[in-house]
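Asks: Contents of work-v6.txt (compact mmCIF, C-alpha atoms) are given next:
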```txt
# COMPACT_ATOMS: atom_id res chain seq x y z
CA MET A 1 -29.02 -7.08 -52.14
CA LYS A 2 -26.52 -4.51 -53.20
CA ILE A 3 -24.79 -2.25 -50.62
CA ASN A 4 -23.29 0.99 -51.85
CA TRP A 5 -20.20 2.57 -50.35
CA GLY A 6 -22.17 5.10 -48.21
CA THR A 7 -24.12 2.31 -46.50
CA ALA A 8 -20.90 0.33 -45.94
CA ILE A 9 -19.27 3.31 -44.20
CA VAL A 10 -22.30 3.77 -41.92
CA ILE A 11 -22.30 0.05 -41.05
CA ALA A 12 -18.56 0.20 -40.31
CA PHE A 13 -19.03 3.23 -38.01
CA VAL A 14 -21.95 1.64 -36.17
CA GLY A 15 -19.99 -1.60 -35.77
CA PHE A 16 -16.93 0.24 -34.44
CA ILE A 17 -19.00 2.34 -32.00
CA GLY A 18 -20.79 -0.80 -30.80
CA PHE A 19 -17.44 -2.53 -30.30
CA ILE A 20 -16.07 0.37 -28.21
CA MET A 21 -19.32 0.75 -26.21
CA TYR A 22 -19.23 -2.96 -25.32
CA PHE A 23 -15.81 -2.53 -23.67
CA VAL A 24 -16.79 0.72 -21.93
CA VAL A 25 -19.91 -0.84 -20.40
CA ASN A 26 -18.01 -4.02 -19.51
CA MET A 27 -15.28 -2.04 -17.72
CA ALA A 28 -17.77 0.14 -15.84
CA ALA A 29 -20.03 -2.72 -14.69
CA ASN A 30 -17.45 -5.37 -13.79
CA ASP A 31 -16.12 -5.30 -10.18
CA LYS A 32 -12.87 -6.83 -11.38
CA TYR A 33 -11.93 -3.47 -12.91
CA ASP A 34 -12.99 -1.37 -9.90
CA HIS A 35 -10.24 1.18 -9.17
CA ASP A 36 -10.51 3.21 -6.00
CA LEU A 37 -8.33 5.99 -4.71
CA VAL A 38 -5.21 4.86 -2.93
CA VAL A 39 -6.65 6.12 0.36
CA GLU A 40 -10.10 7.49 1.17
CA ASP A 41 -8.87 10.71 2.81
CA TYR A 42 -6.36 11.55 0.10
CA TYR A 43 -6.31 15.32 0.69
CA GLN A 44 -5.84 15.00 4.46
CA GLN A 45 -2.99 12.57 3.84
CA GLU A 46 -1.39 15.07 1.46
CA LEU A 47 -1.51 17.82 4.10
CA LYS A 48 0.60 15.75 6.52
CA PHE A 49 3.13 14.84 3.83
CA GLN A 50 5.83 17.21 5.18
CA SER A 51 5.66 15.65 8.64
CA ASP A 52 6.15 12.24 7.02
CA ILE A 53 9.24 13.54 5.23
CA ASP A 54 10.60 14.84 8.55
CA LYS A 55 9.96 11.46 10.21
CA GLU A 56 11.79 9.66 7.39
CA GLU A 57 14.73 12.04 7.79
CA ASN A 58 14.79 11.22 11.52
CA SER A 59 14.95 7.54 10.61
CA LYS A 60 18.06 8.17 8.54
CA THR A 61 19.85 9.55 11.62
CA LEU A 62 19.58 6.22 13.47
CA LYS A 63 22.64 4.00 13.70
CA THR A 64 20.56 1.13 12.32
CA ASN A 65 17.09 1.44 10.89
CA ILE A 66 14.23 -1.02 11.03
CA THR A 67 14.74 -4.19 9.00
CA TRP A 68 12.29 -6.86 7.92
CA GLN A 69 12.48 -10.38 6.60
CA LYS A 70 10.03 -12.97 5.38
CA THR A 71 9.83 -16.07 7.54
CA GLN A 72 7.61 -19.14 7.56
CA ASP A 73 5.50 -17.55 10.31
CA GLY A 74 5.05 -14.20 8.52
CA ILE A 75 6.97 -10.94 8.35
CA LEU A 76 9.51 -10.38 11.10
CA ILE A 77 10.18 -6.70 11.76
CA THR A 78 13.35 -5.95 13.72
CA PHE A 79 13.79 -2.65 15.55
CA PRO A 80 17.26 -1.22 16.26
CA LYS A 81 19.03 -3.17 19.01
CA ASP A 82 20.52 -0.04 20.63
CA LEU A 83 17.05 1.32 21.57
CA ASP A 84 15.14 0.48 24.74
CA ILE A 85 12.04 -1.47 23.66
CA LYS A 86 9.77 -0.13 26.41
CA ASP A 87 10.09 3.39 24.96
CA ILE A 88 9.12 2.34 21.42
CA LYS A 89 5.48 3.16 20.63
CA GLY A 90 3.58 3.34 17.37
CA LYS A 91 1.76 1.33 14.73
CA VAL A 92 2.44 -0.82 11.71
CA PHE A 93 0.17 -0.29 8.70
CA LEU A 94 0.16 -2.81 5.87
CA TYR A 95 -1.51 -1.58 2.71
CA ARG A 96 -2.45 -3.81 -0.22
CA PRO A 97 -2.64 -1.66 -3.40
CA SER A 98 -4.80 -4.19 -5.25
CA ASN A 99 -7.48 -4.64 -2.57
CA LYS A 100 -8.23 -2.18 0.22
CA GLN A 101 -10.25 -4.86 2.06
CA LEU A 102 -6.94 -6.53 3.00
CA ASP A 103 -5.38 -3.42 4.59
CA PHE A 104 -4.78 -3.62 8.33
CA GLU A 105 -3.04 -1.81 11.15
CA THR A 106 -1.27 -3.33 14.14
CA PRO A 107 -0.03 -1.51 17.26
CA ILE A 108 3.61 -1.99 18.16
CA SER A 109 4.00 -4.09 21.30
CA LEU A 110 7.46 -5.52 21.81
CA SER A 111 8.83 -8.08 24.24
CA ASN A 112 12.14 -8.13 22.40
CA HIS A 113 13.36 -6.13 19.39
CA ASN A 114 11.22 -8.17 16.97
CA LEU A 115 7.59 -7.83 15.90
CA LEU A 116 5.93 -10.63 13.95
CA ILE A 117 3.10 -9.98 11.48
CA PRO A 118 1.40 -13.41 11.23
CA ASP A 119 1.30 -15.25 7.93
CA ASN A 120 -2.48 -15.80 8.11
CA ARG A 121 -3.08 -12.04 7.66
CA LEU A 122 -0.96 -11.80 4.52
CA LEU A 123 -1.57 -12.94 0.96
CA ASP A 124 1.15 -13.38 -1.61
CA GLY A 125 1.83 -10.28 -3.65
CA ARG A 126 2.78 -6.64 -3.22
CA TRP A 127 2.32 -4.83 0.09
CA ASN A 128 3.28 -1.36 1.25
CA ILE A 129 4.47 -1.33 4.84
CA ASN A 130 4.45 1.88 6.90
CA ILE A 131 5.83 1.81 10.42
CA ASP A 132 5.05 5.07 12.23
CA TRP A 133 6.79 4.99 15.59
CA THR A 134 8.20 7.18 18.34
CA TYR A 135 11.16 6.78 20.65
CA ASN A 136 11.80 9.30 23.45
CA ASN A 137 9.25 11.71 21.94
CA LYS A 138 10.99 11.71 18.55
CA SER A 139 8.94 10.46 15.60
CA TYR A 140 10.21 8.06 12.96
CA LEU A 141 8.73 6.57 9.81
CA PHE A 142 9.78 3.47 7.89
CA LYS A 143 8.20 2.94 4.47
CA GLU A 144 8.87 0.15 2.05
CA GLN A 145 7.21 -1.79 -0.75
CA ILE A 146 7.54 -5.51 -0.21
CA ASN A 147 6.60 -8.62 -2.14
CA TYR A 148 5.33 -11.34 0.12
```
In structure tokens, how does this file's structure come out?
Replies:
Amino acid sequence: MKINWGTAIVIAFVGFIGFIMYFVVNMAANDKYDHDLVVEDYYQQELKFQSDIDKEENSKTLKTNITWQKTQDGILITFPKDLDIKDIKGKVFLYRPSNKQLDFETPISLSNHNLLIPDNRLLDGRWNINIDWTYNNKSYLFKEQINY
């Protein structure tokens, strides 16, 4: 059977379109490639962005800011030593960019200046940590990207 150049071009186009369609369908149907928004209420989060900036600026006025370190037991968050721990209120939010099912929030309850996030709640990889806290009715925000 003899194929002329017109038929060869049509076969090439159909083959190329089939090749591209295979990848499009594969990407759309496979849960491995499921990409959600960073947060569900994106627009509401954007509206409170200026208050977050103000809280971060307040954090810069502290003598010492919050620090964290990885330990065998998990993540140890240390609040400034010059603050009275009974007046510290707030929450710690750990966000996993690759899987929103792993996100969790923990209230701040301190017996000393340290707060431990247990190792069993954390998987290795990248986490975003947001600590939204108040001290003497002044709001503070600590944000950092960490690799656990």
Asks: I'd like the neighbourhood of Pro80 in chain A as number ranges by chain, where a residue qualifies if any of its atoms comes within 10 Å (using all atoms listed in the file), though same-chain residues fewer than 6 positions away should be ignored.
Replies: A: 62-67, 113-114
Asks: Would you kindly return, as a PyMOL selection string, each protein, DNA or RNA residue with an atom no farther than 10 Å from any atom of Ile129 in chain A, considering only C-alpha atoms and excluding same-chain residues fewer than 5 positions away?
Replies: chain A and resi 92-96+105+142-146
Asks: In terms of the shortest atom-to-atom distance over only C-alpha atoms, which of A:Leu83, A:Ile3, A:Ala29, A:Ile9 is closest to Asn136 in chain A?
Replies: A:Leu83
Asks: For Leu115 in chain A, which residue among A:Ile85, A:Val14, A:Leu47, A:Ile77 is the nearest when counting all atoms listed in the file?
Replies: A:Ile77
Asks: What gap, in Å, lies between CA of Lys91 in chain A and CA of Asn130 in chain A?
Replies: 8.3 Å
Asks: At most 9 Å from (5.7, -15.3, 8.6), file frame, all atoms listed in the file: which residues, as a list of chain:residue names?
Replies: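 Residues close enough to count: A:Gln69, A:Lys70, A:Thr71, A:Gln72, A:Asp73, A:Gly74, A:Ile75, A:Leu76, A:Leu116, A:Ile117, A:Pro118, A:Asp119, A:Asn120, A:Leu122.
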Asks: Work out how far apart CA of Lys2 in chain A and CA of Tyr22 in chain A are and give it in Å to one decimal.
Replies: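 Atom-to-atom, CA of Lys2 in chain A to CA of Tyr22 in chain A, that is 28.9 Å.
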Asks: CA of Ser51 in chain A and CA of Phe79 in chain A, how far apart in Å?
Replies: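 Computed distance, CA of Phe79 in chain A to CA of Ser51 in chain A, equals 21.2 Å.
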Asks: Identify which of the residues A:Gln50, A:Asn147, A:Ser59, A:Thr106 lies closest to Trp127 in chain A, counting only C-alpha atoms when measuring atom-to-atom distances.
Replies: A:Asn147
Asks: Compare A:Ala8, A:Tyr140, A:Tyr148, A:Lys100 by their minimum atom-to-atom distance to Glu57 in chain A, counting only C-alpha atoms, and give me the closest one.
Replies: A:Tyr140
Asks: Could I see range 46-58 of chain A restored to N, CA, C and O atoms, set down as a compact mmCIF listing (two decimals), in the frame of the given file?
Replies:
```
# COMPACT_ATOMS: atom_id res chain seq x y z
N GLU A 46 -2.32 14.19 2.16
CA GLU A 46 -1.39 15.07 1.46
C GLU A 46 -0.96 16.23 2.35
O GLU A 46 0.18 16.69 2.26
N LEU A 47 -1.85 16.71 3.21
CA LEU A 47 -1.51 17.82 4.10
C LEU A 47 -0.45 17.43 5.13
O LEU A 47 0.34 18.27 5.55
N LYS A 48 -0.40 16.17 5.53
CA LYS A 48 0.60 15.75 6.52
C LYS A 48 1.85 15.16 5.86
O LYS A 48 2.68 14.55 6.51
N PHE A 49 2.00 15.40 4.58
CA PHE A 49 3.13 14.84 3.83
C PHE A 49 4.47 15.36 4.35
O PHE A 49 5.43 14.60 4.45
N GLN A 50 4.57 16.65 4.69
CA GLN A 50 5.83 17.21 5.18
C GLN A 50 6.25 16.58 6.50
O GLN A 50 7.43 16.30 6.71
N SER A 51 5.30 16.30 7.37
CA SER A 51 5.66 15.65 8.64
C SER A 51 6.18 14.24 8.39
O SER A 51 7.08 13.77 9.10
N ASP A 52 5.63 13.56 7.38
CA ASP A 52 6.15 12.24 7.02
C ASP A 52 7.58 12.32 6.50
O ASP A 52 8.41 11.47 6.82
N ILE A 53 7.87 13.35 5.72
CA ILE A 53 9.24 13.54 5.23
C ILE A 53 10.19 13.77 6.40
O ILE A 53 11.29 13.21 6.45
N ASP A 54 9.77 14.58 7.38
CA ASP A 54 10.60 14.84 8.55
C ASP A 54 10.84 13.56 9.35
O ASP A 54 11.95 13.33 9.83
N LYS A 55 9.81 12.72 9.48
CA LYS A 55 9.96 11.46 10.21
C LYS A 55 10.93 10.52 9.49
O LYS A 55 11.73 9.83 10.13
N GLU A 56 10.86 10.50 8.15
CA GLU A 56 11.79 9.66 7.39
C GLU A 56 13.23 10.16 7.54
O GLU A 56 14.16 9.36 7.59
N GLU A 57 13.39 11.47 7.58
CA GLU A 57 14.73 12.04 7.79
C GLU A 57 15.26 11.66 9.17
O GLU A 57 16.45 11.38 9.32
N ASN A 58 14.38 11.66 10.18
CA ASN A 58 14.79 11.22 11.52
C ASN A 58 15.25 9.77 11.49
O ASN A 58 16.19 9.41 12.20
```
